[in-house]
Every structure is written in C-alpha cells, then in structure tokens.
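Dropping entry-v5.cif in here (mmCIF, C-alpha atoms):
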data_protein
#
loop_
_atom_site.group_PDB
_atom_site.id
_atom_site.type_symbol
_atom_site.label_atom_id
_atom_site.label_comp_id
_atom_site.auth_asym_id
_atom_site.auth_seq_id
_atom_site.Cartn_x
_atom_site.Cartn_y
_atom_site.Cartn_z
ATOM 1 C CA MET D 80 -2.329 101.097 17.645
ATOM 2 C CA GLN D 81 -2.123 103.855 20.219
ATOM 3 C CA GLU D 82 -0.253 101.568 22.645
ATOM 4 C CA GLU D 83 2.263 100.696 19.921
ATOM 5 C CA GLY D 84 2.721 104.378 19.185
ATOM 6 C CA ASP D 85 3.286 105.174 22.857
ATOM 7 C CA ALA D 86 5.797 102.331 23.132
ATOM 8 C CA GLY D 87 7.633 103.630 20.073
ATOM 9 C CA LYS D 88 7.773 107.128 21.498
ATOM 10 C CA SER D 89 9.081 105.760 24.786
ATOM 11 C CA ARG D 90 11.873 103.838 23.038
ATOM 12 C CA TYR D 91 12.755 106.878 20.954
ATOM 13 C CA LEU D 92 12.856 109.072 24.061
ATOM 14 C CA ARG D 93 15.172 106.621 25.839
ATOM 15 C CA PHE D 94 17.422 106.494 22.793
ATOM 16 C CA MET D 95 17.636 110.283 22.591
ATOM 17 C CA ILE D 96 18.395 110.561 26.301
ATOM 18 C CA LEU D 97 21.178 108.000 25.884
ATOM 19 C CA VAL D 98 22.631 109.875 22.890
ATOM 20 C CA ILE D 99 22.537 113.235 24.670
ATOM 21 C CA ALA D 100 24.034 111.745 27.824
ATOM 22 C CA GLY D 101 26.766 110.129 25.732
ATOM 23 C CA ILE D 102 27.645 113.395 24.006
ATOM 24 C CA LEU D 103 27.804 115.237 27.315
ATOM 25 C CA ALA D 104 29.853 112.466 28.869
ATOM 26 C CA VAL D 105 32.451 112.592 26.095
ATOM 27 C CA GLN D 106 32.779 116.312 26.663
ATOM 28 C CA ILE D 107 33.219 115.825 30.409
ATOM 29 C CA HIS D 108 35.176 112.604 30.899
ATOM 30 C CA TRP D 109 35.256 109.074 29.525
ATOM 31 C CA SER D 110 34.462 107.619 32.958
ATOM 32 C CA ILE D 111 31.121 109.434 32.976
ATOM 33 C CA LEU D 112 30.278 107.807 29.653
ATOM 34 C CA LEU D 113 31.064 104.382 31.082
ATOM 35 C CA LEU D 114 28.958 105.109 34.150
ATOM 36 C CA VAL D 115 25.984 106.159 32.022
ATOM 37 C CA GLY D 116 26.348 103.031 29.896
ATOM 38 C CA TRP D 117 26.547 100.872 33.023
ATOM 39 C CA TYR D 118 23.363 102.492 34.354
ATOM 40 C CA PHE D 119 21.388 101.615 31.234
ATOM 41 C CA ILE D 120 22.765 98.068 31.214
ATOM 42 C CA LEU D 121 21.642 97.534 34.812
ATOM 43 C CA LYS D 122 18.290 99.136 34.070
ATOM 44 C CA GLN D 123 17.708 96.762 31.165
ATOM 45 C CA LEU D 124 18.774 93.712 33.171
ATOM 46 C CA GLU D 125 16.468 94.770 35.981
ATOM 47 C CA THR D 126 13.539 95.243 33.601
ATOM 48 C CA ASN D 127 14.109 91.827 32.006
ATOM 49 C CA GLY D 128 14.218 90.129 35.405
ATOM 50 C CA MET D 129 17.805 88.958 34.972
ATOM 51 C CA LEU D 130 18.970 90.536 38.229
ATOM 52 C CA ASP D 131 16.375 88.550 40.170
ATOM 53 C CA LYS D 132 17.611 85.332 38.555
ATOM 54 C CA TRP D 133 21.162 86.182 39.610
ATOM 55 C CA ASN D 134 20.034 87.017 43.168
ATOM 56 C CA ALA D 135 21.202 90.570 42.571
ATOM 57 C CA SER D 136 19.659 94.012 42.813
ATOM 58 C CA ARG D 137 20.354 97.551 41.647
ATOM 59 C CA VAL D 138 21.087 100.123 44.341
ATOM 60 C CA LEU D 139 21.362 103.902 43.940
ATOM 61 C CA GLY D 140 21.074 103.596 40.186
ATOM 62 C CA VAL D 141 24.553 102.326 39.333
ATOM 63 C CA LEU D 142 25.495 99.916 42.134
ATOM 64 C CA LEU D 143 25.040 96.205 41.496
ATOM 65 C CA MET D 144 24.509 94.240 44.702
ATOM 66 C CA VAL D 145 25.302 90.558 44.113
ATOM 67 C CA ARG D 146 24.435 88.074 46.865
ATOM 68 C CA THR D 147 25.501 84.495 47.463
ATOM 69 C CA GLU D 148 24.723 81.923 50.128
ATOM 70 C CA ARG D 149 27.939 80.039 49.481
ATOM 71 C CA GLY D 150 30.504 79.835 52.236
ATOM 72 C CA GLN D 151 28.020 78.987 54.979
ATOM 73 C CA LYS D 152 29.657 75.654 55.855
ATOM 74 C CA ALA D 153 33.097 77.219 56.007
ATOM 75 C CA LEU D 154 31.696 80.042 58.119
ATOM 76 C CA GLU D 155 30.143 77.574 60.554
ATOM 77 C CA PHE D 156 33.386 75.607 60.840
ATOM 78 C CA ILE D 157 35.612 78.662 61.349
ATOM 79 C CA SER D 158 33.318 80.238 63.941
ATOM 80 C CA LYS D 159 33.078 77.116 66.149
ATOM 81 C CA PRO D 160 35.418 78.351 68.915
ATOM 82 C CA ARG D 161 32.724 80.840 69.958
ATOM 83 C CA LYS D 162 34.408 82.063 73.137
ATOM 84 C CA ALA D 163 37.722 82.729 71.388
ATOM 85 C CA TRP D 164 36.010 84.733 68.663
ATOM 86 C CA ARG D 165 34.087 86.757 71.239
ATOM 87 C CA ILE D 166 37.363 87.679 72.936
ATOM 88 C CA PHE D 167 38.768 88.554 69.519
ATOM 89 C CA GLY D 168 35.706 90.713 68.869
ATOM 90 C CA GLU D 169 36.192 92.586 72.130
ATOM 91 C CA LEU D 170 39.837 93.260 71.272
ATOM 92 C CA GLY D 171 38.780 94.387 67.807
ATOM 93 C CA LEU D 172 36.238 96.771 69.283
ATOM 94 C CA TRP D 173 38.844 98.476 71.465
ATOM 95 C CA THR D 174 41.308 98.519 68.563
ATOM 96 C CA CYS D 175 38.749 100.335 66.415
ATOM 97 C CA ARG D 176 38.216 102.912 69.123
ATOM 98 C CA PHE D 177 41.953 103.455 69.552
ATOM 99 C CA VAL D 178 42.620 103.759 65.814
ATOM 100 C CA SER D 179 39.650 106.112 65.394
ATOM 101 C CA ALA D 180 41.030 108.362 68.115
ATOM 102 C CA ILE D 181 44.487 108.404 66.478
ATOM 103 C CA VAL D 182 42.990 109.217 63.074
ATOM 104 C CA LEU D 183 40.928 112.028 64.577
ATOM 105 C CA ILE D 184 44.009 113.501 66.258
ATOM 106 C CA LEU D 185 46.091 113.297 63.070
ATOM 107 C CA PHE D 186 43.291 114.805 61.015
ATOM 108 C CA SER D 187 42.924 117.668 63.487
ATOM 109 C CA LEU D 188 46.672 118.345 63.506
ATOM 110 C CA THR D 189 46.785 118.310 59.702
ATOM 111 C CA PHE D 190 43.835 120.677 59.504
ATOM 112 C CA ILE D 191 45.440 123.083 61.972
ATOM 113 C CA SER D 192 48.730 122.911 60.052
ATOM 114 C CA MET D 193 46.944 123.738 56.791
ATOM 115 C CA ILE D 194 45.346 126.798 58.352
ATOM 116 C CA LEU D 195 48.534 128.081 59.993
ATOM 117 C CA ASP D 196 50.810 127.534 56.990
ATOM 118 C CA PRO D 197 48.987 126.725 53.729
ATOM 119 C CA SER D 198 52.211 126.944 51.693
ATOM 120 C CA ASP D 199 53.538 123.722 53.246
ATOM 121 C CA VAL D 200 50.577 121.671 52.040
ATOM 122 C CA PRO D 201 51.682 119.507 49.065
ATOM 123 C CA SER D 202 49.309 119.428 46.129
ATOM 124 C CA ALA D 203 48.028 116.068 44.915
ATOM 125 C CA SER D 204 45.919 115.065 41.954
ATOM 126 C CA PRO D 205 42.551 113.350 42.549
ATOM 127 C CA SER D 206 43.946 110.061 41.197
ATOM 128 C CA GLU D 207 46.588 110.112 43.929
ATOM 129 C CA VAL D 208 44.124 110.882 46.698
ATOM 130 C CA ILE D 209 41.414 108.375 45.734
ATOM 131 C CA LEU D 210 42.986 104.915 45.647
ATOM 132 C CA ILE D 211 41.438 103.119 42.658
ATOM 133 C CA PRO D 212 43.166 100.190 40.894
ATOM 134 C CA GLY D 213 44.204 101.151 37.389
ATOM 135 C CA ILE D 214 43.616 104.868 37.969
ATOM 136 C CA THR D 215 45.950 105.596 40.856
ATOM 137 C CA PRO D 216 49.471 105.528 39.308
ATOM 138 C CA THR D 217 50.980 103.358 42.045
ATOM 139 C CA ILE D 218 48.243 100.679 41.982
ATOM 140 C CA PRO D 219 48.190 98.373 38.919
ATOM 141 C CA LEU D 220 44.751 97.305 37.716
ATOM 142 C CA PHE D 221 45.071 93.509 37.938
ATOM 143 C CA TRP D 222 46.905 93.168 41.240
ATOM 144 C CA GLY D 223 44.983 96.081 42.676
ATOM 145 C CA LEU D 224 41.678 94.333 41.967
ATOM 146 C CA ILE D 225 42.984 91.042 43.378
ATOM 147 C CA GLY D 226 44.125 92.766 46.553
ATOM 148 C CA LEU D 227 40.855 94.659 46.858
ATOM 149 C CA ILE D 228 38.743 91.516 46.451
ATOM 150 C CA VAL D 229 40.818 89.592 49.012
ATOM 151 C CA ALA D 230 40.585 92.468 51.492
ATOM 152 C CA LEU D 231 36.820 92.740 51.007
ATOM 153 C CA VAL D 232 36.259 89.005 51.445
ATOM 154 C CA VAL D 233 38.391 88.805 54.602
ATOM 155 C CA HIS D 234 36.786 91.930 56.034
ATOM 156 C CA GLU D 235 33.190 90.849 55.469
ATOM 157 C CA TYR D 236 33.889 87.290 56.549
ATOM 158 C CA GLY D 237 35.059 88.786 59.825
ATOM 159 C CA HIS D 238 31.621 90.317 60.328
ATOM 160 C CA GLY D 239 30.027 86.970 59.521
ATOM 161 C CA ILE D 240 32.273 85.048 61.920
ATOM 162 C CA LEU D 241 31.478 87.370 64.819
ATOM 163 C CA ALA D 242 27.775 87.205 64.006
ATOM 164 C CA ARG D 243 27.848 83.392 64.164
ATOM 165 C CA ALA D 244 29.997 83.497 67.308
ATOM 166 C CA HIS D 245 27.126 85.340 68.977
ATOM 167 C CA GLY D 246 24.498 82.957 67.624
ATOM 168 C CA MET D 247 23.203 85.124 64.775
ATOM 169 C CA ARG D 248 22.500 83.583 61.401
ATOM 170 C CA VAL D 249 24.133 85.046 58.289
ATOM 171 C CA ARG D 250 21.762 85.097 55.329
ATOM 172 C CA SER D 251 24.292 85.857 52.605
ATOM 173 C CA PHE D 252 27.512 87.520 51.551
ATOM 174 C CA GLY D 253 27.876 89.800 48.591
ATOM 175 C CA LEU D 254 29.726 92.379 46.545
ATOM 176 C CA LEU D 255 28.893 95.906 45.450
ATOM 177 C CA ILE D 256 30.041 96.336 41.864
ATOM 178 C CA VAL D 257 30.263 99.267 39.471
ATOM 179 C CA GLY D 258 31.156 98.017 36.016
ATOM 180 C CA LEU D 259 33.857 95.406 36.554
ATOM 181 C CA ILE D 260 35.229 97.042 39.694
ATOM 182 C CA PRO D 261 34.150 95.789 43.147
ATOM 183 C CA ILE D 262 33.876 98.848 45.365
ATOM 184 C CA GLY D 263 32.477 97.202 48.464
ATOM 185 C CA ALA D 264 31.204 94.034 50.066
ATOM 186 C CA PHE D 265 28.751 93.068 52.744
ATOM 187 C CA ALA D 266 27.735 90.331 55.135
ATOM 188 C CA GLU D 267 23.996 90.119 55.690
ATOM 189 C CA PRO D 268 23.092 88.852 59.176
ATOM 190 C CA GLU D 269 19.508 88.007 60.019
ATOM 191 C CA GLY D 270 18.068 91.452 60.681
ATOM 192 C CA ARG D 271 15.770 90.590 63.581
ATOM 193 C CA GLU D 272 18.432 88.587 65.384
ATOM 194 C CA LEU D 273 20.894 91.444 65.003
ATOM 195 C CA LEU D 274 18.417 93.965 66.404
ATOM 196 C CA ARG D 275 17.538 91.724 69.343
ATOM 197 C CA ALA D 276 21.176 91.092 70.250
ATOM 198 C CA PRO D 277 22.688 93.008 73.180
ATOM 199 C CA ARG D 278 24.348 96.266 72.260
ATOM 200 C CA ARG D 279 27.830 94.972 73.084
ATOM 201 C CA GLU D 280 27.433 92.013 70.733
ATOM 202 C CA ARG D 281 26.248 94.265 67.910
ATOM 203 C CA GLN D 282 29.266 96.501 68.426
ATOM 204 C CA ARG D 283 31.607 93.515 68.187
ATOM 205 C CA VAL D 284 29.985 92.412 64.934
ATOM 206 C CA PHE D 285 30.244 95.894 63.435
ATOM 207 C CA ALA D 286 33.872 96.287 64.540
ATOM 208 C CA ALA D 287 34.962 92.894 63.198
ATOM 209 C CA GLY D 288 36.944 92.624 60.005
#
Full structure transcribed into structure tokens:
Amino acid sequence: MQEEGDAGKSRYLRFMILVIAGILAVQIHWSILLLVGWYFILKQLETNGMLDKWNASRVLGVLLMVRTERGQKALEFISKPRKAWRIFGELGLWTCRFVSAIVLILFSLTFISMILDPSDVPSASPSEVILIPGITPTIPLFWGLIGLIVALVVHEYGHGILARAHGMRVRSFGLLIVGLIPIGAFAEPEGRELLRAPRRERQRVFAAG
C-alpha cells in the first residue's frame, strides 16, 4: 500500500511540474512549451525502453540521437580509391585552415568597426541571425529542412569516407533531433582506431565534409 501511495505521489508531482512548466512556457514563448513537451516525451520513451529499441539515446535532456548502420556498403564502395581520398583530405585540411583564418580576420574587422562606430551597425532580429527553417523569414520550412538534411548527410558522409580511406571502421551514422527538426548529424568511427591513428590522419577526418 505504501509503495502504491509513493507511486501515486510521484505521478502527481510529475503532473504538477508539467502543468507549472506549461503555464510558464506560455507566458514566455510557445517554443519553450514545445521544448518542455519534447523533453517529457523523450523521458517517457527512455523509461519505457523504446529508445533502446530504436537504437537511439537522449542527450542533454532534449536531444534525440538516432543511429543507423545503413550505408556501410555504399561507404565502402565510395571510399575505395583510398589514395585519392587522402589527397582530398589533405586539401580539405588546408582549406579549413585558410577559411578559418579569413573568418577570424573578418570577425576581428567587424568587431573593431563596431567599437569605432556603433551607429553603423545594422540591427537584426534573432530570427534573422539564427538560421532556422520555418523561423528565419527567408528560409521556408519544407525546403529548408530538405536542404539541411542533405547538407548534414553529405557533411557526415565526408567524415566517414575519410575514416575508411585511412583504414578506420565506421560504426554508425546518425542525426541529432529536437522535435521534428534535425539540428546536427554525426559519423561514429571506431573510437580506439581513431585514437591510435596518426595525428595527421585524424585531422583529415575531422576536416572532411
């Protein structure tokens, strides 16, 4: 009887927390309400063991990490010209360094310009600064999501191709999802093989994509 009472109190407490969070979220912004709802959905799926069945896991409370082992045959076929991909990886590494230097210079110049003459700095709303499909005015939801998914797949497949080109196995690919929006992706090389690889090879893998 006492265990049933404790379970009832626990359910009631969760319900009250959800109600209070919902009320606060409505007062703040509708997106917060959706995020809170998504958190409780993931929590319930995790408790019921559904995430394990889907080969998924919850990260940082609200991130859904979905893994798949599909695409391994295509990855093996594409990465067969090992030497060519290694050359490509070296070019990509130097490209990343060059672009990073340019971005740093532009950022520094912009920062200096803001300090010297703040009046010339155009104001922008958060939705214009953070590029999110369906929220940013210039990015439609449907085509924005399609473009984002394609970019994520190509980018992460690049990491996988370079890993295979250097003889490392790729355990899985996956997406990071919040609600219905994919916000990131990942390629998951074999951890020990990645750590044992020479530093230059690791840099090529990280710079790929």
* Work out how far apart atom CA of Thr217 of chain D and atom CA of Gly263 of chain D are and give it in Å to one decimal. => 20.5 Å
What are the nearest atom pairs, with distances in Å to one decimal, for all residues of segment 110-227 of chain D that come at most 7 Å from segment 253-261 of chain D, using all atoms listed in the file, set out by chain and rising residue number as a tab-separated table?
residue	atom	partner	partner_atom	distance
D:Trp117	CA	D:Gly258	CA	6.2
D:Val141	CA	D:Val257	CA	6.5
D:Leu142	CA	D:Val257	CA	5.5
D:Leu143	CA	D:Ile256	CA	5.0
D:Met144	CA	D:Leu255	CA	4.7
D:Val145	CA	D:Gly253	CA	5.2
D:Arg146	CA	D:Gly253	CA	4.2
D:Thr147	CA	D:Gly253	CA	5.9
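Here atom CA of Met247 of chain D is placed at a distance of 5.9 Å from atom CA of Glu272 of chain D.
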Could you tell me which residues the PyMOL selection byres ((chain D and resi 252) around 12) returns for this structure, as a PDB file with C-alpha atoms, in the frame of the given file?
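So part-v8.pdb came out as:
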ATOM      1  CA  ASN D 134      20.034  87.017  43.168  1.00  0.00           C
ATOM      2  CA  ALA D 135      21.202  90.570  42.571  1.00  0.00           C
ATOM      3  CA  MET D 144      24.509  94.240  44.702  1.00  0.00           C
ATOM      4  CA  VAL D 145      25.302  90.558  44.113  1.00  0.00           C
ATOM      5  CA  ARG D 146      24.435  88.074  46.865  1.00  0.00           C
ATOM      6  CA  THR D 147      25.501  84.495  47.463  1.00  0.00           C
ATOM      7  CA  GLU D 148      24.723  81.923  50.128  1.00  0.00           C
ATOM      8  CA  ARG D 149      27.939  80.039  49.481  1.00  0.00           C
ATOM      9  CA  GLY D 150      30.504  79.835  52.236  1.00  0.00           C
ATOM     10  CA  GLN D 151      28.020  78.987  54.979  1.00  0.00           C
ATOM     11  CA  LEU D 154      31.696  80.042  58.119  1.00  0.00           C
ATOM     12  CA  LEU D 231      36.820  92.740  51.007  1.00  0.00           C
ATOM     13  CA  VAL D 232      36.259  89.005  51.445  1.00  0.00           C
ATOM     14  CA  VAL D 233      38.391  88.805  54.602  1.00  0.00           C
ATOM     15  CA  HIS D 234      36.786  91.930  56.034  1.00  0.00           C
ATOM     16  CA  GLU D 235      33.190  90.849  55.469  1.00  0.00           C
ATOM     17  CA  TYR D 236      33.889  87.290  56.549  1.00  0.00           C
ATOM     18  CA  GLY D 237      35.059  88.786  59.825  1.00  0.00           C
ATOM     19  CA  HIS D 238      31.621  90.317  60.328  1.00  0.00           C
ATOM     20  CA  GLY D 239      30.027  86.970  59.521  1.00  0.00           C
ATOM     21  CA  ILE D 240      32.273  85.048  61.920  1.00  0.00           C
ATOM     22  CA  ARG D 248      22.500  83.583  61.401  1.00  0.00           C
ATOM     23  CA  VAL D 249      24.133  85.046  58.289  1.00  0.00           C
ATOM     24  CA  ARG D 250      21.762  85.097  55.329  1.00  0.00           C
ATOM     25  CA  SER D 251      24.292  85.857  52.605  1.00  0.00           C
ATOM     26  CA  GLY D 253      27.876  89.800  48.591  1.00  0.00           C
ATOM     27  CA  LEU D 254      29.726  92.379  46.545  1.00  0.00           C
ATOM     28  CA  LEU D 255      28.893  95.906  45.450  1.00  0.00           C
ATOM     29  CA  GLY D 263      32.477  97.202  48.464  1.00  0.00           C
ATOM     30  CA  ALA D 264      31.204  94.034  50.066  1.00  0.00           C
ATOM     31  CA  PHE D 265      28.751  93.068  52.744  1.00  0.00           C
ATOM     32  CA  ALA D 266      27.735  90.331  55.135  1.00  0.00           C
ATOM     33  CA  GLU D 267      23.996  90.119  55.690  1.00  0.00           C
ATOM     34  CA  PRO D 268      23.092  88.852  59.176  1.00  0.00           C
ATOM     35  CA  GLU D 269      19.508  88.007  60.019  1.00  0.00           C
TER      36      GLU D 269
END
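Minimum atom-to-atom distance to Leu273 of chain D, evaluated using all atoms listed in the file, belongs to D:Gly246 out of D:Gly246, D:Ala286, D:Val178, D:Gly128.
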